[in-house]
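A.B. asks: Before anything else, here's the structure in question.
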Amino acid sequence: MFFVSDIYTTAPSKFKTELQEKTYRVLQDLHIPFERVDTDEAITMNDCVQINKALDMKMVKTLFLCNRKQTEFFLFVTTADKSFSAKEFSNALGISRVSFAPADLMEKMLGTTIGAATVFSALLDKDNRVQIIFDKDVLAEEWYGCSDGTTTGYMKIKTSQVFHDFLKFAKHSPKTIHV
């Protein structure tokens, strides 16, 4: 059985990563309310089913992508039920084909491991090397479910607050596409 804790509205008492700590501090500073749960390690979207039920929302799928030369990077936020097509993504942005970025770059640039990719990594991307791309279907949802930068912490926040308030604070201007 996959463990999901009770719902909390405060930050964890101990932080597992620098990104996790920054995430909760910024949400507090911006007065952005959230609900969160602690879980067993969740890596796949199937692991997120119990989290979705507990928080009464739909988890987003966040993918870290790059071009072949690894000079352009993208954090693509889409709905959990959509399969990813590199061709459709590239066509929607008018760029050459992308692939998944290597795990070592994910840790270096986003401060996360596989399974923990999150929009909150924008806090670590001071040079705006990572373009944040939202699937327009995500923006149609009232609630945004995502990792807190770990594979054992997940949260629910108003989508509009992530897209407008948080990303503005993190000095990232997201693009929206339909795939």
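In the structure tokens, the first chain shown is A, the next is B, and so on; residue numbers restart at 1 for each chain, and ligands run from 1 in the order shown.
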Considering only C-alpha atoms, return as a PDB file with all heavy atoms, in the first residue's frame whatever protein or nucleic-acid residues lie within 9 Å of region 83-100 of chain A, sequence-local ones (same chain, fewer than 6 positions apart) excluded.
C.D. replies:
ATOM      1  N   LEU A  63       8.285  17.688 -17.259  1.00  0.00           N
ATOM      2  CA  LEU A  63       9.370  17.036 -17.993  1.00  0.00           C
ATOM      3  C   LEU A  63      10.504  18.021 -18.248  1.00  0.00           C
ATOM      4  O   LEU A  63      10.267  19.168 -18.622  1.00  0.00           O
ATOM      5  CB  LEU A  63       8.854  16.516 -19.339  1.00  0.00           C
ATOM      6  CG  LEU A  63       7.618  15.613 -19.276  1.00  0.00           C
ATOM      7  CD1 LEU A  63       7.110  15.316 -20.672  1.00  0.00           C
ATOM      8  CD2 LEU A  63       7.934  14.331 -18.523  1.00  0.00           C
ATOM      9  N   PHE A  64      11.733  17.553 -18.064  1.00  0.00           N
ATOM     10  CA  PHE A  64      12.915  18.368 -18.319  1.00  0.00           C
ATOM     11  C   PHE A  64      13.500  17.921 -19.652  1.00  0.00           C
ATOM     12  O   PHE A  64      13.940  16.780 -19.802  1.00  0.00           O
ATOM     13  CB  PHE A  64      13.926  18.210 -17.189  1.00  0.00           C
ATOM     14  CG  PHE A  64      15.120  19.117 -17.300  1.00  0.00           C
ATOM     15  CD1 PHE A  64      14.983  20.467 -17.627  1.00  0.00           C
ATOM     16  CD2 PHE A  64      16.391  18.626 -17.071  1.00  0.00           C
ATOM     17  CE1 PHE A  64      16.092  21.310 -17.719  1.00  0.00           C
ATOM     18  CE2 PHE A  64      17.507  19.449 -17.152  1.00  0.00           C
ATOM     19  CZ  PHE A  64      17.347  20.792 -17.484  1.00  0.00           C
ATOM     20  N   LEU A  65      13.493  18.833 -20.621  1.00  0.00           N
ATOM     21  CA  LEU A  65      13.865  18.519 -22.001  1.00  0.00           C
ATOM     22  C   LEU A  65      15.001  19.411 -22.472  1.00  0.00           C
ATOM     23  O   LEU A  65      15.224  20.487 -21.915  1.00  0.00           O
ATOM     24  CB  LEU A  65      12.648  18.723 -22.913  1.00  0.00           C
ATOM     25  CG  LEU A  65      11.364  18.031 -22.465  1.00  0.00           C
ATOM     26  CD1 LEU A  65      10.159  18.588 -23.215  1.00  0.00           C
ATOM     27  CD2 LEU A  65      11.479  16.531 -22.650  1.00  0.00           C
ATOM     28  N   CYS A  66      15.687  18.960 -23.529  1.00  0.00           N
ATOM     29  CA  CYS A  66      16.738  19.782 -24.113  1.00  0.00           C
ATOM     30  C   CYS A  66      16.896  19.466 -25.590  1.00  0.00           C
ATOM     31  O   CYS A  66      16.406  18.449 -26.076  1.00  0.00           O
ATOM     32  CB  CYS A  66      18.071  19.570 -23.391  1.00  0.00           C
ATOM     33  SG  CYS A  66      18.763  17.918 -23.540  1.00  0.00           S
ATOM     34  N   ASN A  67      17.604  20.359 -26.291  1.00  0.00           N
ATOM     35  CA  ASN A  67      17.913  20.098 -27.688  1.00  0.00           C
ATOM     36  C   ASN A  67      19.111  19.132 -27.745  1.00  0.00           C
ATOM     37  O   ASN A  67      19.704  18.800 -26.715  1.00  0.00           O
ATOM     38  CB  ASN A  67      18.178  21.402 -28.449  1.00  0.00           C
ATOM     39  CG  ASN A  67      19.407  22.154 -27.941  1.00  0.00           C
ATOM     40  OD1 ASN A  67      20.033  21.784 -26.956  1.00  0.00           O
ATOM     41  ND2 ASN A  67      19.739  23.240 -28.619  1.00  0.00           N
ATOM     42  N   ARG A  68      19.449  18.703 -28.936  1.00  0.00           N
ATOM     43  CA  ARG A  68      20.514  17.712 -29.095  1.00  0.00           C
ATOM     44  C   ARG A  68      21.858  18.203 -28.554  1.00  0.00           C
ATOM     45  O   ARG A  68      22.624  17.450 -27.967  1.00  0.00           O
ATOM     46  CB  ARG A  68      20.658  17.334 -30.575  1.00  0.00           C
ATOM     47  CG  ARG A  68      21.641  16.196 -30.779  1.00  0.00           C
ATOM     48  CD  ARG A  68      21.717  15.756 -32.215  1.00  0.00           C
ATOM     49  NE  ARG A  68      20.395  15.380 -32.678  1.00  0.00           N
ATOM     50  CZ  ARG A  68      20.057  15.263 -33.944  1.00  0.00           C
ATOM     51  NH1 ARG A  68      20.947  15.491 -34.883  1.00  0.00           N
ATOM     52  NH2 ARG A  68      18.853  14.905 -34.296  1.00  0.00           N
ATOM     53  N   PHE A  73      17.119  24.468 -22.924  1.00  0.00           N
ATOM     54  CA  PHE A  73      16.459  23.610 -21.944  1.00  0.00           C
ATOM     55  C   PHE A  73      15.023  24.061 -21.732  1.00  0.00           C
ATOM     56  O   PHE A  73      14.734  25.256 -21.747  1.00  0.00           O
ATOM     57  CB  PHE A  73      17.224  23.640 -20.619  1.00  0.00           C
ATOM     58  CG  PHE A  73      18.635  23.144 -20.764  1.00  0.00           C
ATOM     59  CD1 PHE A  73      19.667  24.034 -21.015  1.00  0.00           C
ATOM     60  CD2 PHE A  73      18.918  21.789 -20.685  1.00  0.00           C
ATOM     61  CE1 PHE A  73      20.972  23.579 -21.176  1.00  0.00           C
ATOM     62  CE2 PHE A  73      20.215  21.332 -20.847  1.00  0.00           C
ATOM     63  CZ  PHE A  73      21.246  22.220 -21.092  1.00  0.00           C
ATOM     64  N   PHE A  74      14.159  23.090 -21.502  1.00  0.00           N
ATOM     65  CA  PHE A  74      12.727  23.348 -21.353  1.00  0.00           C
ATOM     66  C   PHE A  74      12.186  22.550 -20.178  1.00  0.00           C
ATOM     67  O   PHE A  74      12.516  21.382 -20.011  1.00  0.00           O
ATOM     68  CB  PHE A  74      11.972  22.921 -22.621  1.00  0.00           C
ATOM     69  CG  PHE A  74      12.530  23.522 -23.876  1.00  0.00           C
ATOM     70  CD1 PHE A  74      13.523  22.853 -24.587  1.00  0.00           C
ATOM     71  CD2 PHE A  74      12.086  24.750 -24.344  1.00  0.00           C
ATOM     72  CE1 PHE A  74      14.056  23.400 -25.743  1.00  0.00           C
ATOM     73  CE2 PHE A  74      12.618  25.299 -25.497  1.00  0.00           C
ATOM     74  CZ  PHE A  74      13.609  24.623 -26.196  1.00  0.00           C
ATOM     75  N   PHE A  76       8.670  21.389 -19.259  1.00  0.00           N
ATOM     76  CA  PHE A  76       7.344  21.296 -19.849  1.00  0.00           C
ATOM     77  C   PHE A  76       6.363  20.743 -18.824  1.00  0.00           C
ATOM     78  O   PHE A  76       6.544  19.653 -18.300  1.00  0.00           O
ATOM     79  CB  PHE A  76       7.380  20.401 -21.089  1.00  0.00           C
ATOM     80  CG  PHE A  76       6.050  20.218 -21.761  1.00  0.00           C
ATOM     81  CD1 PHE A  76       5.217  21.294 -22.002  1.00  0.00           C
ATOM     82  CD2 PHE A  76       5.637  18.963 -22.179  1.00  0.00           C
ATOM     83  CE1 PHE A  76       3.982  21.134 -22.637  1.00  0.00           C
ATOM     84  CE2 PHE A  76       4.425  18.782 -22.821  1.00  0.00           C
ATOM     85  CZ  PHE A  76       3.594  19.872 -23.040  1.00  0.00           C
ATOM     86  N   ILE A 177       1.456  26.447 -24.711  1.00  0.00           N
ATOM     87  CA  ILE A 177       1.248  25.779 -25.993  1.00  0.00           C
ATOM     88  C   ILE A 177       0.086  24.800 -25.857  1.00  0.00           C
ATOM     89  O   ILE A 177      -0.340  24.476 -24.746  1.00  0.00           O
ATOM     90  CB  ILE A 177       2.501  25.008 -26.472  1.00  0.00           C
ATOM     91  CG1 ILE A 177       2.903  23.918 -25.482  1.00  0.00           C
ATOM     92  CG2 ILE A 177       3.659  25.985 -26.725  1.00  0.00           C
ATOM     93  CD1 ILE A 177       4.035  23.013 -25.982  1.00  0.00           C
ATOM     94  N   HIS A 178      -0.405  24.359 -26.993  1.00  0.00           N
ATOM     95  CA  HIS A 178      -1.454  23.316 -26.996  1.00  0.00           C
ATOM     96  C   HIS A 178      -0.910  22.124 -27.765  1.00  0.00           C
ATOM     97  O   HIS A 178      -0.530  22.262 -28.914  1.00  0.00           O
ATOM     98  CB  HIS A 178      -2.745  23.829 -27.643  1.00  0.00           C
ATOM     99  CG  HIS A 178      -3.838  22.834 -27.536  1.00  0.00           C
ATOM    100  ND1 HIS A 178      -4.242  22.083 -28.591  1.00  0.00           N
ATOM    101  CD2 HIS A 178      -4.581  22.441 -26.469  1.00  0.00           C
ATOM    102  CE1 HIS A 178      -5.216  21.276 -28.197  1.00  0.00           C
ATOM    103  NE2 HIS A 178      -5.427  21.473 -26.925  1.00  0.00           N
ATOM    104  N   VAL A 179      -0.841  20.986 -27.083  1.00  0.00           N
ATOM    105  CA  VAL A 179      -0.374  19.753 -27.733  1.00  0.00           C
ATOM    106  C   VAL A 179      -1.391  18.658 -27.530  1.00  0.00           C
ATOM    107  O   VAL A 179      -2.184  18.698 -26.629  1.00  0.00           O
ATOM    108  CB  VAL A 179       1.006  19.287 -27.202  1.00  0.00           C
ATOM    109  CG1 VAL A 179       2.094  20.224 -27.656  1.00  0.00           C
ATOM    110  CG2 VAL A 179       1.001  19.171 -25.700  1.00  0.00           C
TER     111      VAL A 179
END
A.B. asks: List as a compact mmCIF listing (two decimals) with C-alpha atoms, in the first residue's frame the protein and nucleic acid residues near Met1 (chain A), meaning an atom at most 10 Å away when only C-alpha atoms are counted, but skip any in the same chain fewer than 3 places from it.
C.D. replies:
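Saved as selection21.txt:
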# COMPACT_ATOMS: atom_id res chain seq x y z
CA VAL A 4 0.11 9.23 1.96
CA ASP A 40 6.38 7.02 0.06
CA GLN A 50 -3.28 8.12 -4.23
A.B. asks: Would you please give, as JSON, numbers by chain, all residues of region 7-42 of chain A that DSSP assigns to alpha helix (DSSP H) based on the backbone?
C.D. replies: {"A": [18, 19, 20, 21, 22, 23, 24, 25, 26, 27, 28, 29]}
A.B. asks: Go ahead and save the residues from that selection, with all heavy atoms, as a compact mmCIF listing (two decimals), in the first residue's frame.
C.D. replies:
# COMPACT_ATOMS: atom_id res chain seq x y z
N GLU A 18 17.82 21.83 -0.72
CA GLU A 18 17.84 23.29 -0.77
C GLU A 18 16.60 23.80 -1.51
O GLU A 18 15.96 24.77 -1.09
CB GLU A 18 19.10 23.77 -1.49
CG GLU A 18 19.15 25.26 -1.72
CD GLU A 18 20.26 25.70 -2.67
OE1 GLU A 18 21.05 24.85 -3.14
OE2 GLU A 18 20.34 26.91 -2.94
N LEU A 19 16.24 23.14 -2.60
CA LEU A 19 15.07 23.56 -3.38
C LEU A 19 13.79 23.44 -2.56
O LEU A 19 12.96 24.35 -2.57
CB LEU A 19 14.94 22.75 -4.67
CG LEU A 19 13.70 23.05 -5.50
CD1 LEU A 19 13.66 24.52 -5.93
CD2 LEU A 19 13.62 22.14 -6.71
N GLN A 20 13.64 22.36 -1.83
CA GLN A 20 12.44 22.19 -1.02
C GLN A 20 12.32 23.32 0.01
O GLN A 20 11.25 23.91 0.17
CB GLN A 20 12.47 20.83 -0.31
CG GLN A 20 11.19 20.55 0.46
CD GLN A 20 11.27 19.30 1.31
OE1 GLN A 20 12.31 19.03 1.93
NE2 GLN A 20 10.20 18.53 1.35
N GLU A 21 13.42 23.66 0.65
CA GLU A 21 13.40 24.74 1.63
C GLU A 21 13.06 26.07 0.96
O GLU A 21 12.21 26.82 1.46
CB GLU A 21 14.76 24.85 2.33
CG GLU A 21 14.77 25.90 3.42
CD GLU A 21 16.07 25.91 4.22
OE1 GLU A 21 17.00 25.14 3.91
OE2 GLU A 21 16.14 26.71 5.17
N LYS A 22 13.68 26.38 -0.18
CA LYS A 22 13.38 27.64 -0.89
C LYS A 22 11.92 27.69 -1.31
O LYS A 22 11.28 28.74 -1.25
CB LYS A 22 14.28 27.77 -2.12
CG LYS A 22 15.68 28.21 -1.81
CD LYS A 22 16.48 28.44 -3.08
CE LYS A 22 17.85 28.95 -2.71
NZ LYS A 22 18.49 29.71 -3.72
N THR A 23 11.39 26.57 -1.77
CA THR A 23 10.01 26.51 -2.22
C THR A 23 9.06 26.97 -1.12
O THR A 23 8.22 27.86 -1.32
CB THR A 23 9.65 25.09 -2.69
OG1 THR A 23 10.45 24.77 -3.83
CG2 THR A 23 8.18 24.96 -3.03
N TYR A 24 9.18 26.37 0.04
CA TYR A 24 8.26 26.71 1.13
C TYR A 24 8.48 28.12 1.65
O TYR A 24 7.53 28.81 2.01
CB TYR A 24 8.35 25.67 2.26
CG TYR A 24 7.69 24.37 1.86
CD1 TYR A 24 8.46 23.27 1.53
CD2 TYR A 24 6.31 24.26 1.79
CE1 TYR A 24 7.86 22.07 1.14
CE2 TYR A 24 5.69 23.08 1.41
CZ TYR A 24 6.48 21.98 1.09
OH TYR A 24 5.88 20.81 0.70
N ARG A 25 9.72 28.59 1.68
CA ARG A 25 9.99 29.96 2.13
C ARG A 25 9.36 30.97 1.18
O ARG A 25 8.78 31.96 1.61
CB ARG A 25 11.49 30.20 2.24
CG ARG A 25 12.15 29.33 3.28
CD ARG A 25 13.02 30.08 4.25
NE ARG A 25 13.77 29.18 5.11
CZ ARG A 25 13.28 28.53 6.15
NH1 ARG A 25 12.01 28.65 6.46
NH2 ARG A 25 14.03 27.74 6.89
N VAL A 26 9.49 30.73 -0.13
CA VAL A 26 8.91 31.66 -1.11
C VAL A 26 7.38 31.63 -1.04
O VAL A 26 6.74 32.69 -1.09
CB VAL A 26 9.43 31.35 -2.53
CG1 VAL A 26 8.60 32.06 -3.59
CG2 VAL A 26 10.90 31.74 -2.64
N LEU A 27 6.80 30.47 -0.94
CA LEU A 27 5.34 30.40 -0.82
C LEU A 27 4.86 31.17 0.41
O LEU A 27 3.87 31.89 0.35
CB LEU A 27 4.86 28.95 -0.77
CG LEU A 27 5.06 28.14 -2.05
CD1 LEU A 27 4.64 26.69 -1.84
CD2 LEU A 27 4.31 28.76 -3.22
N GLN A 28 5.59 31.05 1.50
CA GLN A 28 5.24 31.79 2.71
C GLN A 28 5.41 33.29 2.49
O GLN A 28 4.53 34.07 2.83
CB GLN A 28 6.13 31.32 3.88
CG GLN A 28 5.78 31.97 5.18
CD GLN A 28 6.64 31.44 6.33
OE1 GLN A 28 7.73 30.91 6.11
NE2 GLN A 28 6.15 31.59 7.54
N ASP A 29 6.54 33.70 1.90
CA ASP A 29 6.79 35.12 1.66
C ASP A 29 5.76 35.74 0.73
O ASP A 29 5.39 36.91 0.88
CB ASP A 29 8.19 35.33 1.06
CG ASP A 29 9.30 35.03 2.07
OD1 ASP A 29 9.01 34.87 3.28
OD2 ASP A 29 10.47 34.95 1.63
A.B. asks: Please determine, counting only C-alpha atoms, which residue among A:Lys158, A:Leu75, A:His172, A:Ile51 has the shortest atom-to-atom distance to Ala101 (chain A).
C.D. replies: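 Ranking A:Lys158, A:Leu75, A:His172, A:Ile51 by distance to Ala101 (chain A), first place goes to A:Leu75.
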A.B. asks: Which value, in Å to one decimal, gives the distance between CA of Gly115 (chain A) and CA of Ile43 (chain A)?
C.D. replies: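 So the answer is 4.4 Å.
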A.B. asks: Would you mind telling me which residue in A:Glu41, A:Asp165, A:Asp47, A:Asp56 lies nearest to Thr150 (chain A) when using only C-alpha atoms?
C.D. replies: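 Under the stated criterion, the closest residue is A:Glu41.
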